[in-house]
Structure formats: structure tokens, C-alpha cells
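Q: start10.tsv is the file, holding TSV, C-alpha atoms:
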```
chain	number	residue	atom	x	y	z
N	1	MET	CA	17.30	2.26	-21.14
N	2	HIS	CA	18.74	2.22	-24.69
N	3	LEU	CA	16.46	2.74	-27.63
N	4	GLY	CA	16.46	3.79	-31.25
N	5	LEU	CA	14.22	6.58	-32.48
N	6	VAL	CA	13.32	6.86	-36.15
N	7	GLY	CA	12.00	10.27	-37.23
N	8	LEU	CA	13.38	13.41	-35.61
N	9	GLY	CA	10.89	16.05	-36.74
N	10	LYS	CA	8.89	18.37	-34.50
N	11	MET	CA	7.72	15.58	-32.22
N	12	GLY	CA	10.50	13.03	-32.57
N	13	GLY	CA	13.32	15.52	-32.09
N	14	ASN	CA	11.82	16.86	-28.87
N	15	MET	CA	11.08	13.35	-27.65
N	16	ARG	CA	14.75	12.45	-28.15
N	17	THR	CA	15.73	15.44	-26.02
N	18	ARG	CA	13.24	14.65	-23.25
N	19	LEU	CA	14.36	11.02	-23.15
N	20	ARG	CA	18.02	12.00	-22.98
N	21	ASN	CA	17.26	14.53	-20.28
N	22	GLY	CA	15.65	11.67	-18.38
N	23	GLY	CA	18.84	9.61	-18.49
N	24	HIS	CA	18.09	7.32	-21.44
N	25	THR	CA	20.49	6.58	-24.27
N	26	VAL	CA	18.83	7.38	-27.59
N	27	VAL	CA	20.25	6.69	-31.05
N	28	GLY	CA	18.21	8.72	-33.51
N	29	PHE	CA	17.88	8.27	-37.25
N	30	ASP	CA	16.41	10.76	-39.68
N	31	ARG	CA	16.90	11.34	-43.38
N	32	ASN	CA	17.80	14.93	-42.54
N	33	PRO	CA	21.59	14.87	-42.06
N	34	ASP	CA	21.42	17.94	-39.81
N	35	VAL	CA	19.55	16.11	-37.03
N	36	THR	CA	20.41	12.41	-37.39
N	37	ASP	CA	22.83	10.57	-35.12
N	38	VAL	CA	23.65	7.84	-37.66
N	39	THR	CA	23.68	7.57	-41.42
N	40	SER	CA	21.25	4.67	-41.85
N	41	LEU	CA	18.54	2.64	-40.18
N	42	SER	CA	20.92	-0.31	-40.21
N	43	ASP	CA	23.59	1.68	-38.36
N	44	MET	CA	21.04	2.69	-35.74
N	45	VAL	CA	20.01	-0.93	-35.11
N	46	THR	CA	23.65	-2.03	-34.94
N	47	ALA	CA	24.36	0.61	-32.29
N	48	LEU	CA	21.67	-0.75	-29.95
N	49	PRO	CA	22.25	-3.46	-27.35
N	50	SER	CA	19.99	-6.52	-27.35
N	51	PRO	CA	17.12	-6.86	-26.81
N	52	LYS	CA	16.70	-3.91	-29.12
N	53	VAL	CA	13.87	-1.37	-28.83
N	54	VAL	CA	13.07	0.94	-31.75
N	55	TRP	CA	10.47	3.72	-31.59
N	56	VAL	CA	9.12	4.88	-34.97
N	57	MET	CA	7.93	8.51	-35.30
N	58	VAL	CA	7.42	9.00	-39.02
N	59	PRO	CA	4.29	10.05	-40.98
N	60	ALA	CA	1.43	7.57	-40.98
N	61	GLY	CA	0.71	5.37	-43.95
N	62	ASP	CA	3.39	4.22	-46.38
N	63	PRO	CA	6.34	5.86	-44.54
N	64	THR	CA	5.47	3.97	-41.35
N	65	ARG	CA	4.74	0.70	-43.16
N	66	GLU	CA	8.00	0.88	-45.11
N	67	THR	CA	10.01	1.68	-41.99
N	68	ILE	CA	8.50	-1.20	-40.02
N	69	ASN	CA	9.04	-3.59	-42.94
N	70	GLU	CA	12.70	-2.58	-43.09
N	71	LEU	CA	13.07	-2.99	-39.33
N	72	ALA	CA	11.58	-6.49	-39.60
N	73	GLY	CA	14.62	-7.45	-41.64
N	74	LEU	CA	17.08	-5.83	-39.23
N	75	LEU	CA	15.73	-6.91	-35.84
N	76	GLY	CA	15.43	-10.36	-34.32
N	77	PRO	CA	13.56	-12.43	-31.73
N	78	GLY	CA	13.02	-10.59	-28.46
N	79	ASP	CA	13.33	-7.14	-30.01
N	80	LEU	CA	10.52	-4.58	-29.99
N	81	VAL	CA	9.08	-1.98	-32.36
N	82	VAL	CA	6.93	0.90	-31.08
N	83	ASP	CA	4.81	2.83	-33.59
N	84	GLY	CA	4.31	6.26	-32.03
N	85	GLY	CA	2.96	7.99	-35.12
N	86	ASN	CA	-0.65	8.68	-36.05
N	87	SER	CA	-1.18	5.37	-37.81
N	88	LYS	CA	-4.69	4.11	-38.43
N	89	TRP	CA	-5.47	1.44	-35.85
N	90	THR	CA	-6.28	-1.11	-38.56
N	91	ASP	CA	-2.63	-1.04	-39.66
N	92	ASP	CA	-1.46	-2.15	-36.23
N	93	ALA	CA	-2.73	-5.73	-36.42
N	94	ILE	CA	-0.99	-6.14	-39.78
N	95	ASN	CA	2.30	-4.77	-38.45
N	96	ALA	CA	2.05	-6.76	-35.21
N	97	ASN	CA	1.44	-10.04	-37.07
N	98	SER	CA	4.25	-9.39	-39.53
N	99	LEU	CA	6.73	-8.71	-36.72
N	100	ALA	CA	5.44	-11.57	-34.56
N	101	SER	CA	6.28	-14.05	-37.33
N	102	LYS	CA	9.92	-13.16	-36.66
N	103	GLY	CA	9.62	-13.08	-32.88
N	104	ILE	CA	9.61	-9.29	-32.72
N	105	GLY	CA	7.19	-7.55	-30.37
N	106	PHE	CA	5.00	-4.59	-31.29
N	107	VAL	CA	3.41	-1.75	-29.33
N	108	ASP	CA	1.24	0.96	-30.87
N	109	CYS	CA	1.29	4.27	-29.04
N	110	GLY	CA	-0.76	7.39	-29.70
N	111	VAL	CA	1.21	10.46	-28.65
N	112	SER	CA	-0.30	13.86	-27.85
N	113	GLY	CA	1.52	16.98	-26.76
N	114	GLY	CA	2.68	18.70	-29.90
N	115	VAL	CA	5.57	21.13	-29.75
N	116	TRP	CA	4.94	21.63	-26.01
N	117	GLY	CA	5.64	18.01	-25.12
N	118	LEU	CA	9.33	18.59	-24.43
N	119	GLN	CA	8.43	21.00	-21.64
N	120	ASN	CA	5.11	19.61	-20.41
N	121	GLY	CA	5.37	15.92	-21.24
N	122	TYR	CA	3.39	13.80	-23.69
N	123	ALA	CA	0.07	12.06	-23.17
N	124	LEU	CA	0.60	8.44	-24.19
N	125	MET	CA	-2.03	5.86	-25.15
N	126	CYS	CA	-0.55	2.45	-25.93
N	127	GLY	CA	-1.75	-0.92	-27.05
N	128	GLY	CA	-0.01	-4.30	-26.95
N	129	ALA	CA	0.90	-7.27	-24.82
N	130	ASP	CA	1.82	-6.63	-21.18
N	131	ALA	CA	5.34	-7.98	-21.64
N	132	ASP	CA	6.00	-5.73	-24.64
N	133	VAL	CA	4.65	-2.64	-22.87
N	134	ALA	CA	6.88	-3.45	-19.88
N	135	LYS	CA	9.97	-3.32	-22.11
N	136	ILE	CA	9.26	0.29	-23.12
N	137	GLN	CA	7.69	1.42	-19.82
N	138	PRO	CA	10.81	3.29	-18.60
N	139	ALA	CA	10.64	5.49	-21.71
N	140	PHE	CA	6.89	5.98	-21.24
N	141	ASP	CA	7.51	7.09	-17.65
N	142	THR	CA	10.00	9.71	-18.81
N	143	LEU	CA	7.92	11.01	-21.71
N	144	LYS	CA	4.63	11.35	-19.81
N	145	PRO	CA	3.78	14.46	-17.77
N	146	GLU	CA	4.57	14.50	-14.07
N	147	GLY	CA	1.71	13.36	-11.89
N	148	GLU	CA	-0.96	10.69	-11.92
N	149	PHE	CA	-2.33	11.12	-15.43
N	150	GLY	CA	-1.02	11.21	-18.99
N	151	PHE	CA	-0.43	7.50	-19.65
N	152	VAL	CA	-2.73	4.57	-20.33
N	153	HIS	CA	-2.22	1.00	-21.48
N	154	ALA	CA	-5.48	1.20	-23.39
N	155	GLY	CA	-5.69	-2.48	-24.35
N	156	ARG	CA	-3.74	-5.60	-25.13
N	157	THR	CA	-5.02	-5.90	-28.68
N	158	PRO	CA	-2.80	-4.18	-31.28
N	159	GLY	CA	-4.47	-0.93	-32.30
N	160	ALA	CA	-5.98	-0.08	-28.90
N	161	GLY	CA	-3.57	2.79	-28.37
N	162	HIS	CA	-4.01	4.35	-31.79
N	163	TYR	CA	-7.79	3.92	-31.55
N	164	ALA	CA	-7.81	5.80	-28.24
N	165	LYS	CA	-5.67	8.55	-29.79
N	166	MET	CA	-8.00	8.72	-32.79
N	167	VAL	CA	-11.02	9.33	-30.55
N	168	HIS	CA	-8.97	11.88	-28.59
N	169	ASN	CA	-8.32	13.77	-31.81
N	170	GLY	CA	-11.97	13.59	-32.81
N	171	ILE	CA	-12.93	15.19	-29.50
N	172	GLU	CA	-10.25	17.81	-30.11
N	173	TYR	CA	-11.91	18.71	-33.43
N	174	ALA	CA	-15.24	19.39	-31.72
N	175	MET	CA	-13.72	21.38	-28.85
N	176	MET	CA	-11.76	23.63	-31.18
N	177	GLN	CA	-14.82	24.18	-33.35
N	178	ALA	CA	-16.87	25.30	-30.34
N	179	TYR	CA	-14.24	27.79	-29.20
N	180	ALA	CA	-13.82	29.07	-32.75
N	181	GLU	CA	-17.53	29.61	-33.30
N	182	GLY	CA	-17.83	31.44	-29.99
N	183	TRP	CA	-14.94	33.69	-30.95
N	184	GLU	CA	-16.50	34.43	-34.33
N	185	LEU	CA	-19.82	35.43	-32.72
N	186	LEU	CA	-18.12	37.76	-30.23
N	187	GLU	CA	-16.22	39.35	-33.12
N	188	ALA	CA	-19.34	39.73	-35.25
N	189	VAL	CA	-21.61	41.42	-32.69
N	190	ASP	CA	-20.75	45.03	-31.81
N	191	LEU	CA	-21.35	44.63	-28.09
N	192	VAL	CA	-18.30	43.16	-26.34
N	193	ASP	CA	-15.50	45.72	-26.43
N	194	ASP	CA	-12.57	43.47	-25.59
N	195	VAL	CA	-12.85	39.95	-27.00
N	196	PRO	CA	-9.28	38.86	-26.03
N	197	ALA	CA	-9.88	39.92	-22.42
N	198	THR	CA	-13.16	38.03	-22.42
N	199	PHE	CA	-11.42	34.83	-23.51
N	200	ASN	CA	-8.70	35.41	-20.92
N	201	SER	CA	-11.35	35.77	-18.20
N	202	TRP	CA	-12.60	32.29	-18.98
N	203	ARG	CA	-9.21	30.71	-18.29
N	204	GLU	CA	-9.92	30.45	-14.56
N	205	GLY	CA	-13.06	29.45	-12.68
N	206	THR	CA	-15.23	28.47	-15.65
N	207	VAL	CA	-16.40	25.05	-16.77
N	208	ILE	CA	-14.99	25.63	-20.29
N	209	ARG	CA	-11.40	26.33	-19.20
N	210	SER	CA	-8.83	24.15	-20.98
N	211	TRP	CA	-5.42	24.20	-22.59
N	212	LEU	CA	-7.05	24.78	-25.98
N	213	LEU	CA	-8.74	27.88	-24.55
N	214	ASP	CA	-5.36	29.05	-23.24
N	215	LEU	CA	-3.84	28.59	-26.69
N	216	LEU	CA	-6.60	30.49	-28.47
N	217	SER	CA	-6.34	33.28	-25.90
N	218	ASP	CA	-2.61	33.48	-26.57
N	219	ALA	CA	-3.19	33.54	-30.33
N	220	ILE	CA	-5.73	36.38	-30.29
N	221	GLY	CA	-3.56	38.20	-27.78
N	222	LYS	CA	-0.86	38.35	-30.46
N	223	ASP	CA	-3.24	39.03	-33.38
N	224	GLU	CA	-6.62	40.19	-32.05
N	225	HIS	CA	-8.60	39.62	-35.23
N	226	LEU	CA	-6.34	36.88	-36.63
N	227	ASP	CA	-5.80	39.09	-39.67
N	228	ALA	CA	-2.53	37.37	-40.58
N	229	ILE	CA	-4.06	33.88	-40.83
N	230	LYS	CA	-6.15	32.55	-43.68
N	231	GLY	CA	-9.34	30.78	-42.58
N	232	TRP	CA	-8.21	27.42	-43.95
N	233	ALA	CA	-7.70	24.34	-41.73
N	234	ASP	CA	-6.33	20.95	-42.73
N	235	ASP	CA	-7.23	17.64	-41.11
N	236	SER	CA	-4.77	14.91	-40.15
N	237	GLY	CA	-7.11	12.07	-41.11
N	238	GLU	CA	-7.97	10.97	-37.59
N	239	GLY	CA	-11.18	13.01	-37.55
N	240	ARG	CA	-12.29	11.16	-40.68
N	241	TRP	CA	-11.40	7.80	-39.14
N	242	THR	CA	-13.33	8.68	-35.97
N	243	VAL	CA	-16.46	9.57	-37.92
N	244	GLN	CA	-16.15	6.47	-40.11
N	245	SER	CA	-15.79	4.26	-37.03
N	246	ALA	CA	-18.85	5.91	-35.51
N	247	ILE	CA	-20.79	5.12	-38.69
N	248	ASP	CA	-19.55	1.52	-38.69
N	249	ASN	CA	-20.66	1.08	-35.07
N	250	ALA	CA	-23.91	3.10	-35.29
N	251	VAL	CA	-22.69	5.59	-32.67
N	252	PRO	CA	-24.23	9.07	-33.09
N	253	MET	CA	-21.47	11.67	-33.32
N	254	PRO	CA	-23.00	14.95	-34.54
N	255	ALA	CA	-20.57	17.40	-32.95
N	256	ILE	CA	-17.37	15.73	-34.16
N	257	THR	CA	-18.86	15.11	-37.61
N	258	ALA	CA	-19.91	18.75	-37.93
N	259	ALA	CA	-16.44	19.90	-36.87
N	260	LEU	CA	-14.84	17.71	-39.52
N	261	PHE	CA	-17.17	18.98	-42.22
N	262	ALA	CA	-16.49	22.57	-41.13
N	263	ARG	CA	-12.84	22.02	-41.99
N	264	PHE	CA	-13.85	20.90	-45.46
N	265	VAL	CA	-15.90	24.08	-45.81
N	266	SER	CA	-12.85	26.12	-44.80
N	267	ARG	CA	-11.08	25.06	-47.98
N	268	GLN	CA	-13.85	26.56	-50.10
N	269	THR	CA	-14.35	29.91	-48.35
N	270	ASP	CA	-12.28	32.00	-45.96
N	271	SER	CA	-14.10	31.32	-42.70
N	272	PRO	CA	-13.47	33.55	-39.65
N	273	ALA	CA	-13.96	30.56	-37.32
N	274	MET	CA	-11.35	28.62	-39.28
N	275	LYS	CA	-8.83	31.38	-38.56
N	276	ALA	CA	-9.23	30.42	-34.90
N	277	ILE	CA	-8.95	26.69	-35.66
N	278	ALA	CA	-5.78	27.32	-37.70
N	279	ALA	CA	-4.37	29.49	-34.92
N	280	MET	CA	-4.96	26.83	-32.24
N	281	ARG	CA	-3.44	24.08	-34.41
N	282	ASN	CA	-0.37	26.25	-34.92
N	283	GLU	CA	-0.09	27.07	-31.22
N	284	PHE	CA	-0.28	23.49	-29.90
N	285	GLY	CA	1.28	21.50	-32.68
N	286	GLY	CA	3.30	23.88	-34.81
N	287	HIS	CA	1.02	23.01	-37.71
N	288	ALA	CA	1.50	25.27	-40.70
N	289	VAL	CA	-0.88	28.16	-41.27
N	290	GLN	CA	-1.60	29.87	-44.54
N	291	ALA	CA	-0.86	33.58	-44.37
N	292	GLU	CA	-3.27	36.09	-45.83
N	293	GLN	CA	-1.90	37.77	-48.92
N	294	GLY	CA	0.06	40.86	-48.04
N	295	LYS	CA	0.35	39.94	-44.36
```
Show me, as C-alpha cells, the structure contained in the file I just sent.
A:
Amino acid sequence: MHLGLVGLGKMGGNMRTRLRNGGHTVVGFDRNPDVTDVTSLSDMVTALPSPKVVWVMVPAGDPTRETINELAGLLGPGDLVVDGGNSKWTDDAINANSLASKGIGFVDCGVSGGVWGLQNGYALMCGGADADVAKIQPAFDTLKPEGEFGFVHAGRTPGAGHYAKMVHNGIEYAMMQAYAEGWELLEAVDLVDDVPATFNSWREGTVIRSWLLDLLSDAIGKDEHLDAIKGWADDSGEGRWTVQSAIDNAVPMPAITAALFARFVSRQTDSPAMKAIAAMRNEFGGHAVQAEQGK
């Protein structure tokens, strides 16, 4: 299929490559002249055959809203916009209604996979009407991992995909916090001689094995005590949204809430556990870490 892709950063650039490797024709636009295929959003839309499909991969919030508003003036009836960023699900109904008034379809799609998605595929959680999802399904099939899992049409209501991705990220917060606290305890007690080997031993045959465990094992294999990383971890916003939604719906969520608050604490003191959180975020998503002074 032919599609436009707006935003060619860490995720979008690799997605363009994976789509092209899968036989799709992708016209990419980015404000960075070193990576863009065209000089403007208008040129990208013009280069696409009708019905046009445009996938947006820009930062959530105003950048996404502004991009979709501009696309609303460039696209026409029968065309489709996919928001693959980390938008808050409440934005999706607004964007879907705005585009629908001009006959343009809308699909929201949470994307997980980080910098490893090009190689391993991306987990995709989408929301939208069946007919709109069908238009972009060939791209979904190429982007997802091989095998049975990695894609879900989470719901037909706009926002279902981003809501599913939000909860996914909330769970991720809690899982990383648990691994990080376990690592800190092993480091603190003078009993286990080889902490990296202990983590590596858990990678097979245990009930706590996971890709996040693999990533932390790799990180402490390169820097055993994480001396080069400051114990400071940012949050993308989705953990906050998850906790707020839990509050709104009276759903108890102590583990995810505690993990979110731990990140806030990390910005006040240099926490050993937050070194591990920062290391895992860097390993799976290429998220920036803050180096310790002199390291």
C-alpha cells in the first residue's frame, strides 16, 4: 500500500524502514531536512494516491493536534488519518469528530516496541471503525511482530487503542519498579557475589522472565553498578493518565501508583533503583539518561 508518514524520529524513522522492507511505498515528512522525503506536509499529501492514508508519529499534545488540523485541510472524503503517537485517549474523539465532518476517517493506534521495533516488530493497539482499520491493516500486518500476537483492534470507539496503550505503559511502570527494587536490594546486601549473573540466571525458567528483565541484565552487564547513570527517571505522561483513570473509575491501583510516585522521588534524590529504571528505559526506547558528573 501507499501511505504518508509524518514524524521520522526514533520510532517513525524505523517504522518507515520496516514498512518499506515489507514492500509498501512510504512518503515521509519530517521537519529535519536530513531525514525527510519531501519539503512540506502538503507535498507529502500530493504525492499520495487516493484514497490517501497518513500516519502521524509526532509528540503527543499540541504537535499532534496541529498536524491533524493541518491534514484536515489537505485531505478529503474517503481519506484516513492514523494517530500512532502517545496521545491521550480523550483527544481521539475530538480528532475523529473533526475529521469526520470532512468525510475523513480516523484510527488511533498505540505503538510499543521502541528502538527495537525495526528488528522485532511493533505491538499495535488500535481503535476505530472496522472499515477504517481495514484500510490500514496491510501496514499493521507488516509492522507487527511475526506470529499470532502483537496486534489488537481494541475497540471501535475512538480512543480505545490509545487507552489500551496507556494501561500497557502503566503496567510497564510497575514491572520496571519491581525489577529495579530487587536489583537495589541485591546490591545493598553483602551476600550475593555476582548480581549480574543472578539476573541473567532468571532469564530462563523463572516466572519473572521478560524482555524488561533481559534489558536490565544487558544494562548491568555493561555497567555492573550503573555508575555512569544518574538515578533520575522521567515519565511520558501515560503513567499519570493511568492513575487518574483508575481514580475516576474507583479501580485500586497501588503498584502502578507507587511506581509513578517513585519516579517523582527520583527527581529529588539520586535513587539507586532509579538508575535501573533509567537504564531499562534507555535500553528499550532509547530514552535519554542523565550521566553522573565526571562519568
Q: Excluding Lys165 of chain N and any residue of its chain fewer than 2 positions from it, enumerate the residues within 12 Å of it, using only C-alpha atoms, and give them as number ranges by chain.
A: N: 84-89, 108-113, 123-127, 151-154, 159-163, 167-172, 237-239, 241-242
Q: Pick out the closest residue to Tyr179 of chain N from this set: N:Ile94, N:Ala72, N:Val107, N:Ala279. Count only C-alpha atoms.
A: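 Among N:Ile94, N:Ala72, N:Val107, N:Ala279, it is N:Ala279 that comes nearest to Tyr179 of chain N.
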Q: Could you check the closest approach to Ser98 of chain N for each of N:Pro59, N:Gly117, N:Gly4, N:Gly73 and tell me which residue wins, using only C-alpha atoms?
A: N:Gly73
Q: Using all atoms of segment 15-26 of chain N that appear in the file, construct an axis-aligned enclosing box with 3 Å of padding on every side and provide its centre coordinates and edge lengths in Å, rounded to one decimal, as lines of an AutoDock Vina configuration file.
A:
```
center_x = 15.8
center_y = 11.0
center_z = -23.3
size_x = 15.4
size_y = 14.9
size_z = 15.8
```
Q: Between N:Pro138, N:Gly61, N:Pro145, N:Gly114, which one has atoms that come closest to Thr25 of chain N, using all atoms listed in the file?
A: N:Pro138
Q: What does the distance from atom CA of Lys230 of chain N to atom CA of Leu8 of chain N come to in Å, to one decimal?
A: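 Result for atom CA of Lys230 of chain N versus atom CA of Leu8 of chain N: 28.5 Å, one decimal.
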Q: Nearest residue to Ala255 of chain N out of N:Ala228, N:Leu215, N:Met176, N:Ala129, using all atoms listed in the file?
A: N:Met176
Q: Which residues, written as a VMD selection string, have at least one atom at most 9 Å from Ala139 of chain N, with all atoms listed in the file counted and residues fewer than 2 positions away on the same chain left out?
A: chain N and resid 1 3 19 22 24 135 to 137 141 to 144
Q: Give me the residues near Arg203 of chain N as a JSON list (two decimals) with C-alpha atoms, in the coordinates of the input, where near means some atom within 7 Å (using only C-alpha atoms) and where sequence neighbours in that chain fewer than 5 positions away do not count.
A:
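Result written to part04.json:
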```
[["chain", "number", "residue", "atom", "x", "y", "z"],
["N", 209, "ARG", "CA", -11.40, 26.33, -19.20],
["N", 213, "LEU", "CA", -8.74, 27.88, -24.55],
["N", 214, "ASP", "CA", -5.36, 29.05, -23.24]]
```
Q: Please provide as a PyMOL selection string all residues within 7 Å of Ala233 of chain N, with the sequence filter that same-chain residues fewer than 3 positions apart are discarded (counting all atoms listed in the file).
A: chain N and resi 263+266+274+277-278
Q: With distances taken over all atoms listed in the file, which residue among N:Trp116, N:Tyr173, N:Phe140, N:Phe29 lies nearest Ala259 of chain N?
A: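 The answer is N:Tyr173, which sits nearest to Ala259 of chain N.
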Q: For segment 30-32 of chain N, find every residue with an atom within 12 Å (counting only C-alpha atoms), except residues of its own chain fewer than 2 positions away, and show them as a list in words.
A: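 The residues that qualify are Gly4, Leu5, Val6, Gly7, Leu8, Gly9, Lys10, Gly12, Gly13, Arg16, Val27, Gly28, Asp34, Val35, Thr36, Asp37, Val38, Thr39, Ser40, Leu41, Ser42, Asp43, Met44, Val56, Met57, Val58, Pro63 and Thr67 of chain N.
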Q: Could you complete segment 150-163 of chain N so that it carries N, CA and C atoms, and give it back as a CSV table (one decimal), in the coordinates of the input?
A:
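Written file, result.csv:
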```csv
chain,number,residue,atom,x,y,z
N,150,GLY,N,-1.8,11.0,-17.8
N,150,GLY,CA,-1.0,11.2,-19.0
N,150,GLY,C,-0.5,9.9,-19.7
N,151,PHE,N,-0.8,8.8,-19.0
N,151,PHE,CA,-0.4,7.5,-19.6
N,151,PHE,C,-1.5,6.5,-19.4
N,152,VAL,N,-1.8,5.7,-20.5
N,152,VAL,CA,-2.7,4.6,-20.3
N,152,VAL,C,-2.3,3.4,-21.2
N,153,HIS,N,-2.3,2.2,-20.7
N,153,HIS,CA,-2.2,1.0,-21.5
N,153,HIS,C,-3.7,0.7,-21.9
N,154,ALA,N,-4.1,1.2,-23.0
N,154,ALA,CA,-5.5,1.2,-23.4
N,154,ALA,C,-6.0,-0.2,-23.6
N,155,GLY,N,-5.2,-1.1,-24.1
N,155,GLY,CA,-5.7,-2.5,-24.4
N,155,GLY,C,-4.6,-3.4,-24.8
N,156,ARG,N,-4.8,-4.7,-24.7
N,156,ARG,CA,-3.7,-5.6,-25.1
N,156,ARG,C,-3.8,-6.0,-26.6
N,157,THR,N,-4.9,-5.6,-27.3
N,157,THR,CA,-5.0,-5.9,-28.7
N,157,THR,C,-4.3,-4.8,-29.5
N,158,PRO,N,-3.5,-5.2,-30.5
N,158,PRO,CA,-2.8,-4.2,-31.3
N,158,PRO,C,-3.8,-3.2,-31.9
N,159,GLY,N,-3.6,-1.9,-31.8
N,159,GLY,CA,-4.5,-0.9,-32.3
N,159,GLY,C,-5.2,-0.2,-31.2
N,160,ALA,N,-5.2,-0.7,-30.0
N,160,ALA,CA,-6.0,-0.1,-28.9
N,160,ALA,C,-5.5,1.3,-28.6
N,161,GLY,N,-4.1,1.5,-28.7
N,161,GLY,CA,-3.6,2.8,-28.4
N,161,GLY,C,-3.9,3.8,-29.4
N,162,HIS,N,-3.7,3.4,-30.7
N,162,HIS,CA,-4.0,4.4,-31.8
N,162,HIS,C,-5.5,4.6,-31.9
N,163,TYR,N,-6.3,3.7,-31.5
N,163,TYR,CA,-7.8,3.9,-31.6
N,163,TYR,C,-8.1,5.0,-30.5
```
